[in-house]
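Novice: As input, take start.txt (compact mmCIF, C-alpha atoms):
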```txt
# COMPACT_ATOMS: atom_id res chain seq x y z
CA MET W 1 18.78 -32.31 21.35
CA SER W 2 15.42 -30.99 20.15
CA THR W 3 14.59 -27.35 19.51
CA ALA W 4 11.34 -25.80 20.70
CA PHE W 5 9.96 -22.34 20.05
CA LEU W 6 7.99 -20.82 22.93
CA PHE W 7 5.71 -17.94 21.96
CA PRO W 8 4.91 -15.53 24.82
CA GLY W 9 1.62 -14.04 25.84
CA GLN W 10 0.83 -10.39 26.37
CA GLY W 11 3.11 -8.74 28.91
CA VAL W 12 6.50 -8.89 27.18
CA ASP W 13 8.37 -5.63 26.57
CA LEU W 14 7.53 -5.12 22.92
CA VAL W 15 9.19 -1.73 22.67
CA ALA W 16 12.64 -3.05 23.57
CA VAL W 17 12.42 -6.16 21.40
CA GLY W 18 10.05 -5.02 18.70
CA ARG W 19 11.73 -1.82 17.60
CA ASP W 20 15.08 -3.57 17.07
CA TRP W 21 13.58 -6.37 14.97
CA VAL W 22 11.41 -4.02 12.93
CA GLU W 23 14.43 -1.83 12.15
CA ARG W 24 16.73 -4.64 11.06
CA SER W 25 14.45 -7.17 9.33
CA ALA W 26 12.32 -6.40 6.29
CA SER W 27 10.26 -9.57 6.73
CA VAL W 28 9.52 -8.84 10.40
CA ARG W 29 8.69 -5.24 9.50
CA ALA W 30 6.26 -6.38 6.78
CA LEU W 31 4.31 -8.58 9.21
CA VAL W 32 4.27 -5.93 11.93
CA ASP W 33 3.23 -3.24 9.44
CA ALA W 34 0.31 -5.43 8.33
CA ALA W 35 -0.72 -5.94 11.96
CA VAL W 36 -0.52 -2.22 12.69
CA ALA W 37 -2.39 -1.30 9.50
CA ALA W 38 -5.31 -3.44 10.64
CA THR W 39 -5.65 -1.14 13.68
CA GLY W 40 -5.59 2.12 11.70
CA LEU W 41 -2.27 3.33 13.13
CA SER W 42 1.13 3.72 11.52
CA PRO W 43 4.26 1.89 12.69
CA SER W 44 5.74 5.18 13.93
CA ASP W 45 2.66 5.60 16.15
CA VAL W 46 3.31 2.19 17.65
CA PHE W 47 6.97 2.39 18.59
CA GLY W 48 7.18 6.18 18.96
CA GLY W 49 6.55 8.01 22.21
CA GLY W 50 8.09 5.25 24.29
CA GLY W 51 5.63 2.72 22.92
CA ARG W 52 2.62 4.04 24.88
CA ALA W 53 0.29 2.82 22.13
CA LEU W 54 1.41 -0.75 22.85
CA ARG W 55 -0.43 -0.62 26.16
CA ARG W 56 -3.66 -0.92 24.17
CA THR W 57 -4.88 -4.52 24.09
CA GLU W 58 -6.35 -4.17 20.61
CA LEU W 59 -2.93 -3.13 19.28
CA VAL W 60 -0.47 -5.18 21.30
CA GLN W 61 -2.09 -8.51 20.47
CA PRO W 62 -1.76 -8.41 16.66
CA VAL W 63 1.64 -6.69 16.89
CA LEU W 64 3.05 -9.30 19.29
CA THR W 65 1.71 -12.12 17.13
CA ALA W 66 3.25 -10.59 14.01
CA LEU W 67 6.55 -9.94 15.75
CA CYS W 68 6.75 -13.53 17.03
CA LEU W 69 6.00 -14.94 13.60
CA GLY W 70 8.49 -12.62 11.96
CA ILE W 71 11.24 -13.69 14.35
CA CYS W 72 10.24 -17.33 13.81
CA GLY W 73 10.67 -16.77 10.06
CA GLU W 74 14.11 -15.26 10.60
CA LEU W 75 15.18 -18.24 12.71
CA ARG W 76 13.93 -20.67 10.09
CA ALA W 77 15.78 -18.72 7.39
CA ALA W 78 18.92 -19.29 9.48
CA SER W 79 18.14 -23.06 9.43
CA ILE W 80 16.93 -23.09 13.03
CA ARG W 81 13.78 -25.16 12.97
CA PRO W 82 11.75 -26.25 15.94
CA ARG W 83 10.67 -29.78 16.59
CA PHE W 84 8.04 -28.42 18.97
CA VAL W 85 6.14 -25.14 19.23
CA VAL W 86 4.15 -23.96 22.21
CA GLY W 87 2.43 -20.73 23.08
CA HIS W 88 1.21 -19.18 26.29
CA SER W 89 -2.20 -17.49 26.04
CA LEU W 90 -1.95 -15.13 23.05
CA GLY W 91 1.22 -16.98 22.03
CA GLU W 92 -0.98 -19.91 21.01
CA MET W 93 -1.94 -17.94 17.87
CA ALA W 94 1.68 -17.67 16.76
CA ALA W 95 2.41 -21.27 17.77
CA CYS W 96 -0.49 -22.55 15.64
CA ALA W 97 0.72 -20.58 12.64
CA ALA W 98 4.31 -21.73 13.19
CA ALA W 99 3.03 -25.32 13.26
CA GLY W 100 1.19 -24.80 9.96
CA VAL W 101 -2.34 -24.93 11.41
CA PHE W 102 -3.14 -21.66 9.66
CA ARG W 103 -1.36 -18.90 7.74
CA GLU W 104 0.65 -16.16 9.44
CA ARG W 105 -1.68 -13.42 8.18
CA ASP W 106 -4.67 -15.37 9.53
CA ALA W 107 -2.98 -15.62 12.93
CA VAL W 108 -2.43 -11.85 12.95
CA GLU W 109 -6.06 -11.22 11.97
CA LEU W 110 -7.31 -13.60 14.68
CA ALA W 111 -5.07 -11.87 17.22
CA ALA W 112 -6.48 -8.50 16.13
CA LEU W 113 -10.03 -9.77 16.61
CA ARG W 114 -9.10 -11.27 19.98
CA GLY W 115 -7.51 -7.96 21.00
CA ARG W 116 -10.59 -5.95 20.06
CA LEU W 117 -12.87 -8.29 22.00
CA MET W 118 -10.62 -8.29 25.06
CA ALA W 119 -10.33 -4.49 24.95
CA ARG W 120 -14.11 -4.26 24.88
CA GLU W 121 -14.35 -6.52 27.91
CA ALA W 122 -11.65 -4.57 29.77
CA GLY W 123 -13.71 -1.44 29.18
CA ARG W 124 -16.71 -3.12 30.80
CA ARG W 125 -14.89 -4.32 33.92
CA ALA W 126 -11.80 -2.91 35.61
CA GLY W 127 -9.04 -5.35 36.40
CA GLY W 128 -5.36 -6.06 36.19
CA MET W 129 -2.55 -8.50 36.85
CA LEU W 130 0.61 -8.65 38.87
CA ALA W 131 3.43 -11.13 39.20
CA LEU W 132 4.25 -12.22 42.74
CA VAL W 133 8.00 -12.83 42.87
CA GLY W 134 10.03 -14.99 45.21
CA VAL W 135 6.97 -16.89 46.37
CA ASP W 136 5.87 -20.47 46.84
CA ALA W 137 2.40 -22.02 46.64
CA ALA W 138 1.65 -21.36 50.33
CA VAL W 139 2.45 -17.66 49.97
CA VAL W 140 0.34 -17.40 46.82
CA ASP W 141 -2.59 -19.06 48.62
CA GLU W 142 -2.18 -16.59 51.50
CA ALA W 143 -2.04 -13.62 49.11
CA LEU W 144 -5.13 -14.79 47.22
CA ALA W 145 -7.09 -15.32 50.45
CA PHE W 146 -6.10 -11.86 51.65
CA GLY W 147 -6.94 -10.27 48.31
CA ALA W 148 -10.31 -12.03 48.12
CA SER W 149 -11.46 -10.09 51.18
CA HIS W 150 -11.08 -6.92 49.09
CA GLY W 151 -12.48 -8.07 45.73
CA GLN W 152 -12.33 -10.81 43.15
CA VAL W 153 -8.86 -12.21 42.55
CA GLY W 154 -7.44 -15.50 41.34
CA LEU W 155 -4.36 -17.33 40.17
CA ALA W 156 -3.68 -16.60 36.51
CA ALA W 157 -0.42 -18.51 35.91
CA TRP W 158 2.75 -19.91 37.37
CA ASN W 159 5.64 -18.40 35.40
CA SER W 160 8.31 -20.30 37.33
CA PRO W 161 8.58 -22.20 40.62
CA ASP W 162 8.91 -18.92 42.49
CA GLU W 163 6.79 -16.53 40.39
CA ALA W 164 3.01 -16.59 40.11
CA VAL W 165 0.71 -14.19 38.31
CA VAL W 166 -2.53 -13.16 39.97
CA ALA W 167 -5.40 -11.37 38.26
CA GLY W 168 -8.42 -9.58 39.59
CA GLU W 169 -10.12 -6.40 40.62
CA PRO W 170 -7.96 -3.31 41.23
CA GLU W 171 -8.56 -3.00 44.97
CA ALA W 172 -7.73 -6.66 45.63
CA LEU W 173 -4.54 -6.33 43.59
CA ARG W 174 -3.59 -3.06 45.30
CA ARG W 175 -3.88 -4.72 48.70
CA ILE W 176 -1.84 -7.75 47.63
CA ALA W 177 0.82 -5.50 46.08
CA ALA W 178 1.20 -3.63 49.38
CA ARG W 179 2.10 -6.85 51.23
CA TRP W 180 4.05 -9.12 48.86
CA PRO W 181 6.95 -8.51 46.42
CA ASN W 182 5.52 -8.04 42.97
CA VAL W 183 5.84 -6.66 39.48
CA PRO W 184 2.64 -5.09 38.08
CA LEU W 185 1.88 -6.24 34.53
CA ASP W 186 1.00 -3.53 32.03
CA VAL W 187 -2.28 -5.06 30.84
CA ALA W 188 -5.80 -3.68 30.62
CA GLY W 189 -7.70 -6.51 32.27
CA ALA W 190 -7.72 -9.42 34.68
CA TRP W 191 -6.82 -11.91 31.98
CA HIS W 192 -6.94 -15.57 33.02
CA GLY W 193 -8.57 -14.45 36.24
CA PRO W 194 -12.00 -14.53 37.84
CA GLY W 195 -15.07 -13.07 36.27
```
Could you express the structure from this file as structure tokens?
Specialist:
Amino acid sequence: MSTAFLFPGQGVDLVAVGRDWVERSASVRALVDAAVAATGLSPSDVFGGGGRALRRTELVQPVLTALCLGICGELRAASIRPRFVVGHSLGEMAACAAAGVFRERDAVELAALRGRLMAREAGRRAGGMLALVGVDAAVVDEALAFGASHGQVGLAAWNSPDEAVVAGEPEALRRIAARWPNVPLDVAGAWHGPG
């Protein structure tokens, strides 16, 4: 049996996972502290107050990358080594570093730059994302067609056979959310979507 490490994109609950790892692992804490320092905040600012600061794209991206790489290091230290690595969206940064394409610190710096650029773009154009749950392709097509009559919206990802993420303008998403079961994603923009 082969082992693979899958690195997630933005949207995971960093407060629940991150705080625990930062508290119990010096190596994870060192990477996360370096990521946070690049943003001008302190680690207590990040995980304090219920983690509200982690809603900021320019912060969550380097912190998530650092956290993923720190956990990867802990797994490797426990002799758990992947044969394959893969990343979704932002997770590609951590996957590349885990595969040796570039250094961990470089991945964190690239994620910080990516986060700043995406935050800038989110400030220029309102948007968001939501996961449609318990749906199939026909339902997603129907939801997208309905949403398109209220603004730009598009398919962002299939998370599983019955969960799709859509991204777009706030009004289109609001209308879709009123008609189909969903989970809003706590992100600042319509990532992987139209526009």
Novice: Between CA of Val22 in chain W and CA of Leu64 in chain W, what is the distance in Å, rounded to a tenth?
Specialist: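 Atom-to-atom, CA of Val22 in chain W to CA of Leu64 in chain W, that is 11.8 Å.
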Novice: For CA of Ser42 in chain W and CA of Ser89 in chain W, determine how far apart the two atoms are, in Å to one decimal place.
Specialist: 25.9 Å
Novice: Within 8 Å of Gly127 in chain W, counting only C-alpha atoms, which residues qualify if same-chain residues fewer than 6 places away don't, as a list in words?
Specialist: Ala167, Gly168, Glu169, Pro170, Ala188, Gly189 and Ala190 of chain W
Novice: Pick out the residues sitting within 12 Å of Asp45 in chain W, and hand them over as a list in words; count all atoms listed in the file, and ignore anything fewer than 5 positions along from it in its own chain.
Specialist: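 What passes the distance filter is Val15, Arg19, Asp33, Val36, Ala37, Thr39, Gly40, Gly50, Gly51, Arg52, Ala53, Leu54 and Leu59 of chain W.
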Novice: Please indicate the distance in Å from CA of His150 in chain W to CA of Glu171 in chain W, rounded to one decimal place.
Specialist: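 Distance reported for this atom pair: 6.2 Å.
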Novice: I'd like to know which of W:Phe102, W:Trp21, W:Phe47, W:Trp191 is closest to Glu74 in chain W, using only C-alpha atoms.
Specialist: W:Trp21
Novice: For His192 in chain W, list every protein, DNA or RNA residue within 8 Å, evaluated using only C-alpha atoms, and leave out those in the same chain fewer than 4 positions away; present the list as JSON, numbers by chain.
Specialist: {"W": [155, 156, 157, 167]}
Novice: Of the candidates W:Leu69, W:Gly128, W:Asp162, W:Gln152, which one gets nearest to Val140 in chain W if we count all atoms listed in the file?
Specialist: W:Asp162
Novice: Would you be able to write out as a list in words which residues have an atom within 9 Å of (12.6, -25.2, 18.6) in the file's coordinates, counting all atoms listed in the file?
Specialist: Ser2, Thr3, Ala4, Phe5, Leu6, Ile80, Arg81, Pro82, Arg83, Phe84 and Val85 of chain W
Novice: May I have the residues from that selection written out with C-alpha atoms, as a CSV table (one decimal), in the coordinates of the input?
Specialist:
```csv
chain,number,residue,atom,x,y,z
W,2,SER,CA,15.4,-31.0,20.2
W,3,THR,CA,14.6,-27.4,19.5
W,4,ALA,CA,11.3,-25.8,20.7
W,5,PHE,CA,10.0,-22.3,20.0
W,6,LEU,CA,8.0,-20.8,22.9
W,80,ILE,CA,16.9,-23.1,13.0
W,81,ARG,CA,13.8,-25.2,13.0
W,82,PRO,CA,11.8,-26.2,15.9
W,83,ARG,CA,10.7,-29.8,16.6
W,84,PHE,CA,8.0,-28.4,19.0
W,85,VAL,CA,6.1,-25.1,19.2
```
Novice: Using only C-alpha atoms, what table do you get, as a Markdown table, when you list each residue of range 67-93 of chain W with an atom no more than 10 Å from range 108-119 of chain W, its nearest pair of atoms, and their distance in Å rounded to one decimal, rows by chain then rising number?
Specialist:
```
| residue | atom | partner | partner_atom | distance |
| --- | --- | --- | --- | --- |
| W:Leu67 | CA | W:Val108 | CA | 9.6 |
| W:Leu69 | CA | W:Val108 | CA | 9.0 |
| W:Leu90 | CA | W:Ala111 | CA | 7.4 |
| W:Gly91 | CA | W:Ala111 | CA | 9.4 |
| W:Glu92 | CA | W:Ala111 | CA | 9.8 |
| W:Met93 | CA | W:Ala111 | CA | 6.9 |
```
Novice: With only C-alpha atoms as the atoms that count, which of W:Leu144, W:Val46, W:Val133, W:Val187 lies nearest to Val63 in chain W?
Specialist: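 Among the listed residues, the smallest separation from Val63 in chain W belongs to W:Val46.
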Novice: Smallest atom-to-atom distance to Arg29 in chain W: which of W:Ala126, W:Leu173, W:Ala66, W:Cys72, using all atoms listed in the file?
Specialist: W:Ala66
Novice: Of the candidates W:Pro184, W:Gly147, W:Gly193, W:Pro62, which shows the shortest atom-to-atom distance to Ala172 in chain W, using all atoms listed in the file?
Specialist: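 Result for the nearest residue to Ala172 in chain W: W:Gly147.
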Novice: For each of W:Ala78, W:Ala143, W:Val12, W:Ala97, take the minimum atom-to-atom distance to Gln61 in chain W, counting all atoms listed in the file, then give the residue where this is smallest.
Specialist: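 Result for the nearest residue to Gln61 in chain W: W:Val12.
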